[in-house]
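Undergrad: Would you mind keeping the following structure in view while I ask a few things?
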Amino acid sequence: MNGPSRADGFELLRSEMVERLRSHYHITDDRVLDIMNALPRQLFVPEALRSQSYRDNALPISAGQTISQPFIVARMTELLGLTGREKVLEIGSGTGYQTAVLASLAGHVYSIERIEGLYDDARRRLADLGLRNVTLRRGDGTKGWPAYAPYDAILVAAGGPEIPQPLVEQLAVGGRLVVPVGADKRSQVLMRVTRKDSGTVAEKCGACAFVPLVGEHGWSE
Ligand code: SAH
């Protein structure tokens with residue numbers, strides 16, 4: 001999506017959300033704040049919950065999944081440090097909202113979703129928004145997407161018991177992987193792994209709560 005968002009009646013709620021991201025959550029990356037102030041988040045939320053689209057929490061979508069809390073979208077995106085040309089891999093497209101944020105800030109986004117209905121809807125929404133630098137696929141994202149590796153940035157939007165090793169291997173040197181990890185299925189620590197010439201550096205970036213990452217290098221179900 002390019003340029004400012006159309007007048008859609010959500011301008012005030014959107015700018016209040018962004019103000020909260022800035023002053024309460026201390027998000028400082030202006031590119032992240034600007035795109036979240038432009039993207040129509042309500043188009044990614046089930047119709048019955050549209051009035052809640054800009055609230056400070058995750059919301060249920062279909063298949064027992066959730067659209068992530070705006071803060072977590074902003075925080076994970078900020079941690080990736082995107083400047084505009086990166087090749088990004090996303091695991092767990094969900095509604096496609098985070099995908100749209102990434103696509104607006106990077107060169108190209110490859111995104112994998114496990115659940116067919118969510119994949120279909122995300123694909124349609126992103127096409128409707130005119131985002132062409134996105135390639136979606138249905139499948140198990142814990143194995144990564146070797147065909148387009150290495151990636152400058154990888155974002156995992158679901159929580160697994162450990163960092164999926166294939167994703168670390170598909171990072172470019174200097175690349176960043178942001179992933180929630182936890183022994184408990186419903187609570188995790190957000191980790192950032194940076195690939196260096198020799199090995200990797202891992203940082204803990206706070207507590208979080210994601211739906212489970214289900215797959216070969218995640219939970220079994
Ligand atoms: N950020 C998204 C929400 C993602 S919810 C948004 O804002 O809409 C997490 C998503 O990860 C769910 O849609 C779930 O189906 C998906 N998921 C879980 N395990 C996965 C896997 N192994 N591969 C791909 N997608 C997976």
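Chains: A, B, ... in order of the structure tokens. Residues: from 1 per chain. Ligands: from 1, in order shown.
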Go through the chains and note each residue within 6 Å of ligand 1, using only C-alpha atoms and all ligand atoms, then give the set as a VMD selection string.
TA: chain A and resid 65 to 68 91 to 98 112 to 115 139 to 142 157 to 158 211 to 215
Undergrad: Would you please extract all strand (DSSP E or B) residues from stretch 101-209 of chain A, as assigned by DSSP on the backbone, and give them as a ChimeraX atom specification?
TA: /A:108-113,134-138,151-156,159-160,171-184,187-195,200-208
Undergrad: From a DSSP calculation on the backbone, collect every residue of stretch 9-208 of chain A in alpha helix (DSSP H) and output the set as a PyMOL selection string.
TA: chain A and resi 11-23+30-36+70-80+97-105+116-128+165-169
Undergrad: So the first atom is atom CA of A:Val32 and the second is atom CA of A:Val45; what is the distance between them in Å, to one decimal place?
TA: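 A separation of 19.8 Å between them.
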Undergrad: Could you jot down the atom CA of A:Trp145 to atom CA of A:Gly130 separation for me, Å, one decimal place?
TA: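 We find that atom CA of A:Trp145 and atom CA of A:Gly130 lie 23.6 Å from each other.
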Undergrad: Which of these, A:Pro60, A:Gly9, A:Gly175, A:Pro40, has the shortest distance to A:Asp128 once you count only C-alpha atoms?
TA: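 So, comparing all the options, the nearest one is A:Pro40.
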Undergrad: Pick from A:Cys208, A:Ala122, A:Val134, A:Leu129: nearest to A:Phe71, with only C-alpha atoms counted?
TA: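 Result for the nearest residue to A:Phe71: A:Cys208.
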Undergrad: Have a look at A:Leu82, A:Ile163, A:Val168, A:Leu126 and name the one nearest to A:Pro180; count only C-alpha atoms.
TA: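 Once distances to A:Pro180 are computed over only C-alpha atoms, the minimum belongs to A:Ile163.
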Undergrad: What lies within 9 Å of stretch 151-153 of chain A using only C-alpha atoms, ignoring chain neighbours under 6 positions off, as a list of chain:residue names?
TA: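 Neighbouring residues, sequence-local ones excluded: A:Leu80, A:Gly81, A:Leu82, A:Glu86, A:Lys87, A:Val88, A:Leu89, A:Glu90, A:Gln170, A:Leu171, A:Ala172, A:Val173, A:Gly174, A:Gly175, A:Arg176, A:Leu177, A:Val178.
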Undergrad: Extract, using only C-alpha atoms, all DNA, RNA and protein residues at most 10 Å from A:Pro70, discarding same-chain residues fewer than 4 positions from it, and format them as a PDB file with all heavy atoms, in the first residue's frame.
TA:
```pdb
ATOM      1  N   MET A  17      -4.122   4.701  18.624  1.00  0.00           N
ATOM      2  CA  MET A  17      -3.324   3.472  18.755  1.00  0.00           C
ATOM      3  C   MET A  17      -1.839   3.792  18.598  1.00  0.00           C
ATOM      4  O   MET A  17      -1.004   3.334  19.387  1.00  0.00           O
ATOM      5  CB  MET A  17      -3.754   2.450  17.693  1.00  0.00           C
ATOM      6  CG  MET A  17      -2.863   1.215  17.627  1.00  0.00           C
ATOM      7  SD  MET A  17      -3.253   0.140  16.221  1.00  0.00           S
ATOM      8  CE  MET A  17      -2.430   1.006  14.876  1.00  0.00           C
ATOM      9  N   VAL A  18      -1.513   4.593  17.595  1.00  0.00           N
ATOM     10  CA  VAL A  18      -0.114   4.914  17.320  1.00  0.00           C
ATOM     11  C   VAL A  18       0.477   5.756  18.453  1.00  0.00           C
ATOM     12  O   VAL A  18       1.622   5.561  18.866  1.00  0.00           O
ATOM     13  CB  VAL A  18       0.016   5.600  15.948  1.00  0.00           C
ATOM     14  CG1 VAL A  18       1.401   6.188  15.748  1.00  0.00           C
ATOM     15  CG2 VAL A  18      -0.297   4.593  14.852  1.00  0.00           C
ATOM     16  N   ARG A  20      -0.385   5.549  21.542  1.00  0.00           N
ATOM     17  CA  ARG A  20      -0.153   4.594  22.632  1.00  0.00           C
ATOM     18  C   ARG A  20       1.142   3.801  22.371  1.00  0.00           C
ATOM     19  O   ARG A  20       1.924   3.553  23.286  1.00  0.00           O
ATOM     20  CB  ARG A  20      -1.358   3.657  22.720  1.00  0.00           C
ATOM     21  CG  ARG A  20      -1.392   2.747  23.926  1.00  0.00           C
ATOM     22  CD  ARG A  20      -2.774   2.128  24.086  1.00  0.00           C
ATOM     23  NE  ARG A  20      -3.166   1.358  22.915  1.00  0.00           N
ATOM     24  CZ  ARG A  20      -4.308   1.511  22.248  1.00  0.00           C
ATOM     25  NH1 ARG A  20      -5.203   2.387  22.617  1.00  0.00           N
ATOM     26  NH2 ARG A  20      -4.570   0.762  21.197  1.00  0.00           N
ATOM     27  N   LEU A  21       1.361   3.414  21.130  1.00  0.00           N
ATOM     28  CA  LEU A  21       2.587   2.675  20.799  1.00  0.00           C
ATOM     29  C   LEU A  21       3.817   3.518  21.109  1.00  0.00           C
ATOM     30  O   LEU A  21       4.820   3.029  21.619  1.00  0.00           O
ATOM     31  CB  LEU A  21       2.593   2.274  19.317  1.00  0.00           C
ATOM     32  CG  LEU A  21       1.532   1.258  18.900  1.00  0.00           C
ATOM     33  CD1 LEU A  21       1.541   1.071  17.387  1.00  0.00           C
ATOM     34  CD2 LEU A  21       1.751  -0.073  19.605  1.00  0.00           C
ATOM     35  N   MET A  36       1.731   1.914  10.530  1.00  0.00           N
ATOM     36  CA  MET A  36       0.584   1.468  11.333  1.00  0.00           C
ATOM     37  C   MET A  36      -0.479   2.550  11.423  1.00  0.00           C
ATOM     38  O   MET A  36      -1.651   2.276  11.647  1.00  0.00           O
ATOM     39  CB  MET A  36       1.051   0.984  12.706  1.00  0.00           C
ATOM     40  CG  MET A  36       1.838  -0.333  12.559  1.00  0.00           C
ATOM     41  SD  MET A  36       2.366  -1.095  14.095  1.00  0.00           S
ATOM     42  CE  MET A  36       0.790  -1.677  14.777  1.00  0.00           C
ATOM     43  N   ARG A  41      -6.321  -1.496   9.667  1.00  0.00           N
ATOM     44  CA  ARG A  41      -6.328  -2.746  10.444  1.00  0.00           C
ATOM     45  C   ARG A  41      -7.720  -3.383  10.498  1.00  0.00           C
ATOM     46  O   ARG A  41      -7.851  -4.602  10.587  1.00  0.00           O
ATOM     47  CB  ARG A  41      -5.803  -2.436  11.862  1.00  0.00           C
ATOM     48  CG  ARG A  41      -5.689  -3.638  12.781  1.00  0.00           C
ATOM     49  CD  ARG A  41      -4.943  -3.266  14.062  1.00  0.00           C
ATOM     50  NE  ARG A  41      -5.211  -4.196  15.148  1.00  0.00           N
ATOM     51  CZ  ARG A  41      -4.455  -5.276  15.401  1.00  0.00           C
ATOM     52  NH1 ARG A  41      -3.410  -5.566  14.666  1.00  0.00           N
ATOM     53  NH2 ARG A  41      -4.762  -6.074  16.408  1.00  0.00           N
ATOM     54  N   SER A  53     -11.030  -3.071  16.380  1.00  0.00           N
ATOM     55  CA  SER A  53      -9.794  -3.305  15.610  1.00  0.00           C
ATOM     56  C   SER A  53      -8.566  -2.616  16.169  1.00  0.00           C
ATOM     57  O   SER A  53      -7.450  -3.102  15.993  1.00  0.00           O
ATOM     58  CB  SER A  53      -9.963  -2.808  14.177  1.00  0.00           C
ATOM     59  OG  SER A  53     -11.058  -3.397  13.568  1.00  0.00           O
ATOM     60  N   TYR A  54      -8.736  -1.450  16.787  1.00  0.00           N
ATOM     61  CA  TYR A  54      -7.571  -0.656  17.205  1.00  0.00           C
ATOM     62  C   TYR A  54      -7.305  -0.750  18.701  1.00  0.00           C
ATOM     63  O   TYR A  54      -6.509  -0.007  19.251  1.00  0.00           O
ATOM     64  CB  TYR A  54      -7.736   0.796  16.742  1.00  0.00           C
ATOM     65  CG  TYR A  54      -7.688   0.851  15.224  1.00  0.00           C
ATOM     66  CD1 TYR A  54      -8.841   0.709  14.464  1.00  0.00           C
ATOM     67  CD2 TYR A  54      -6.465   0.978  14.559  1.00  0.00           C
ATOM     68  CE1 TYR A  54      -8.794   0.693  13.074  1.00  0.00           C
ATOM     69  CE2 TYR A  54      -6.399   0.970  13.176  1.00  0.00           C
ATOM     70  CZ  TYR A  54      -7.568   0.824  12.437  1.00  0.00           C
ATOM     71  OH  TYR A  54      -7.499   0.799  11.066  1.00  0.00           O
ATOM     72  N   ARG A  55      -7.993  -1.692  19.366  1.00  0.00           N
ATOM     73  CA  ARG A  55      -7.792  -1.864  20.803  1.00  0.00           C
ATOM     74  C   ARG A  55      -6.421  -2.449  21.110  1.00  0.00           C
ATOM     75  O   ARG A  55      -5.780  -3.051  20.264  1.00  0.00           O
ATOM     76  CB  ARG A  55      -8.868  -2.799  21.353  1.00  0.00           C
ATOM     77  CG  ARG A  55     -10.198  -2.096  21.464  1.00  0.00           C
ATOM     78  CD  ARG A  55     -11.023  -2.800  22.512  1.00  0.00           C
ATOM     79  NE  ARG A  55     -12.363  -2.246  22.528  1.00  0.00           N
ATOM     80  CZ  ARG A  55     -13.399  -2.861  23.063  1.00  0.00           C
ATOM     81  NH1 ARG A  55     -13.262  -4.059  23.596  1.00  0.00           N
ATOM     82  NH2 ARG A  55     -14.566  -2.284  23.068  1.00  0.00           N
ATOM     83  N   ASP A  56      -6.069  -2.328  22.399  1.00  0.00           N
ATOM     84  CA  ASP A  56      -4.738  -2.701  22.863  1.00  0.00           C
ATOM     85  C   ASP A  56      -4.650  -4.190  23.213  1.00  0.00           C
ATOM     86  O   ASP A  56      -4.104  -4.554  24.246  1.00  0.00           O
ATOM     87  CB  ASP A  56      -4.438  -1.844  24.104  1.00  0.00           C
ATOM     88  CG  ASP A  56      -2.980  -1.924  24.504  1.00  0.00           C
ATOM     89  OD1 ASP A  56      -2.159  -2.342  23.668  1.00  0.00           O
ATOM     90  OD2 ASP A  56      -2.681  -1.578  25.661  1.00  0.00           O
ATOM     91  N   ASN A  57      -5.222  -5.051  22.382  1.00  0.00           N
ATOM     92  CA  ASN A  57      -5.154  -6.487  22.665  1.00  0.00           C
ATOM     93  C   ASN A  57      -5.263  -7.295  21.376  1.00  0.00           C
ATOM     94  O   ASN A  57      -5.657  -6.762  20.339  1.00  0.00           O
ATOM     95  CB  ASN A  57      -6.270  -6.907  23.643  1.00  0.00           C
ATOM     96  CG  ASN A  57      -7.634  -6.374  23.261  1.00  0.00           C
ATOM     97  OD1 ASN A  57      -8.084  -5.377  23.813  1.00  0.00           O
ATOM     98  ND2 ASN A  57      -8.274  -7.001  22.294  1.00  0.00           N
ATOM     99  N   ALA A  58      -4.926  -8.588  21.482  1.00  0.00           N
ATOM    100  CA  ALA A  58      -5.138  -9.498  20.352  1.00  0.00           C
ATOM    101  C   ALA A  58      -6.638  -9.738  20.234  1.00  0.00           C
ATOM    102  O   ALA A  58      -7.389  -9.532  21.188  1.00  0.00           O
ATOM    103  CB  ALA A  58      -4.405 -10.807  20.601  1.00  0.00           C
ATOM    104  N   ALA A  74       4.203  -4.048  16.340  1.00  0.00           N
ATOM    105  CA  ALA A  74       5.147  -2.926  16.272  1.00  0.00           C
ATOM    106  C   ALA A  74       6.507  -3.324  16.834  1.00  0.00           C
ATOM    107  O   ALA A  74       7.555  -3.047  16.246  1.00  0.00           O
ATOM    108  CB  ALA A  74       4.589  -1.730  17.041  1.00  0.00           C
ATOM    109  N   ARG A  75       6.482  -3.996  17.973  1.00  0.00           N
ATOM    110  CA  ARG A  75       7.728  -4.365  18.651  1.00  0.00           C
ATOM    111  C   ARG A  75       8.555  -5.346  17.817  1.00  0.00           C
ATOM    112  O   ARG A  75       9.763  -5.180  17.631  1.00  0.00           O
ATOM    113  CB  ARG A  75       7.381  -4.986  20.011  1.00  0.00           C
ATOM    114  CG  ARG A  75       8.567  -5.404  20.814  1.00  0.00           C
ATOM    115  CD  ARG A  75       9.152  -4.236  21.597  1.00  0.00           C
ATOM    116  NE  ARG A  75      10.280  -4.656  22.393  1.00  0.00           N
ATOM    117  CZ  ARG A  75      11.511  -4.157  22.268  1.00  0.00           C
ATOM    118  NH1 ARG A  75      11.747  -3.189  21.404  1.00  0.00           N
ATOM    119  NH2 ARG A  75      12.474  -4.595  23.027  1.00  0.00           N
ATOM    120  N   TYR A  97      -2.154  -9.046   8.514  1.00  0.00           N
ATOM    121  CA  TYR A  97      -1.888  -7.664   8.959  1.00  0.00           C
ATOM    122  C   TYR A  97      -0.384  -7.424   9.168  1.00  0.00           C
ATOM    123  O   TYR A  97       0.185  -6.464   8.629  1.00  0.00           O
ATOM    124  CB  TYR A  97      -2.662  -7.345  10.244  1.00  0.00           C
ATOM    125  CG  TYR A  97      -2.368  -5.957  10.772  1.00  0.00           C
ATOM    126  CD1 TYR A  97      -2.872  -4.836  10.124  1.00  0.00           C
ATOM    127  CD2 TYR A  97      -1.560  -5.769  11.889  1.00  0.00           C
ATOM    128  CE1 TYR A  97      -2.583  -3.554  10.582  1.00  0.00           C
ATOM    129  CE2 TYR A  97      -1.265  -4.489  12.358  1.00  0.00           C
ATOM    130  CZ  TYR A  97      -1.782  -3.393  11.699  1.00  0.00           C
ATOM    131  OH  TYR A  97      -1.487  -2.129  12.150  1.00  0.00           O
ATOM    132  N   GLN A  98       0.247  -8.326   9.914  1.00  0.00           N
ATOM    133  CA  GLN A  98       1.700  -8.186  10.113  1.00  0.00           C
ATOM    134  C   GLN A  98       2.438  -8.281   8.773  1.00  0.00           C
ATOM    135  O   GLN A  98       3.404  -7.552   8.541  1.00  0.00           O
ATOM    136  CB  GLN A  98       2.180  -9.291  11.076  1.00  0.00           C
ATOM    137  CG  GLN A  98       3.675  -9.424  11.227  1.00  0.00           C
ATOM    138  CD  GLN A  98       4.300  -8.429  12.195  1.00  0.00           C
ATOM    139  OE1 GLN A  98       4.154  -8.543  13.407  1.00  0.00           O
ATOM    140  NE2 GLN A  98       5.001  -7.446  11.652  1.00  0.00           N
TER     141      GLN A  98
END
```
Undergrad: Point out the residue among A:Arg132, A:Arg137, A:His24, A:Arg195 with the least atom-to-atom distance to A:Leu167, counting only C-alpha atoms.
TA: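 Smallest separation from A:Leu167 among the options: A:Arg195.
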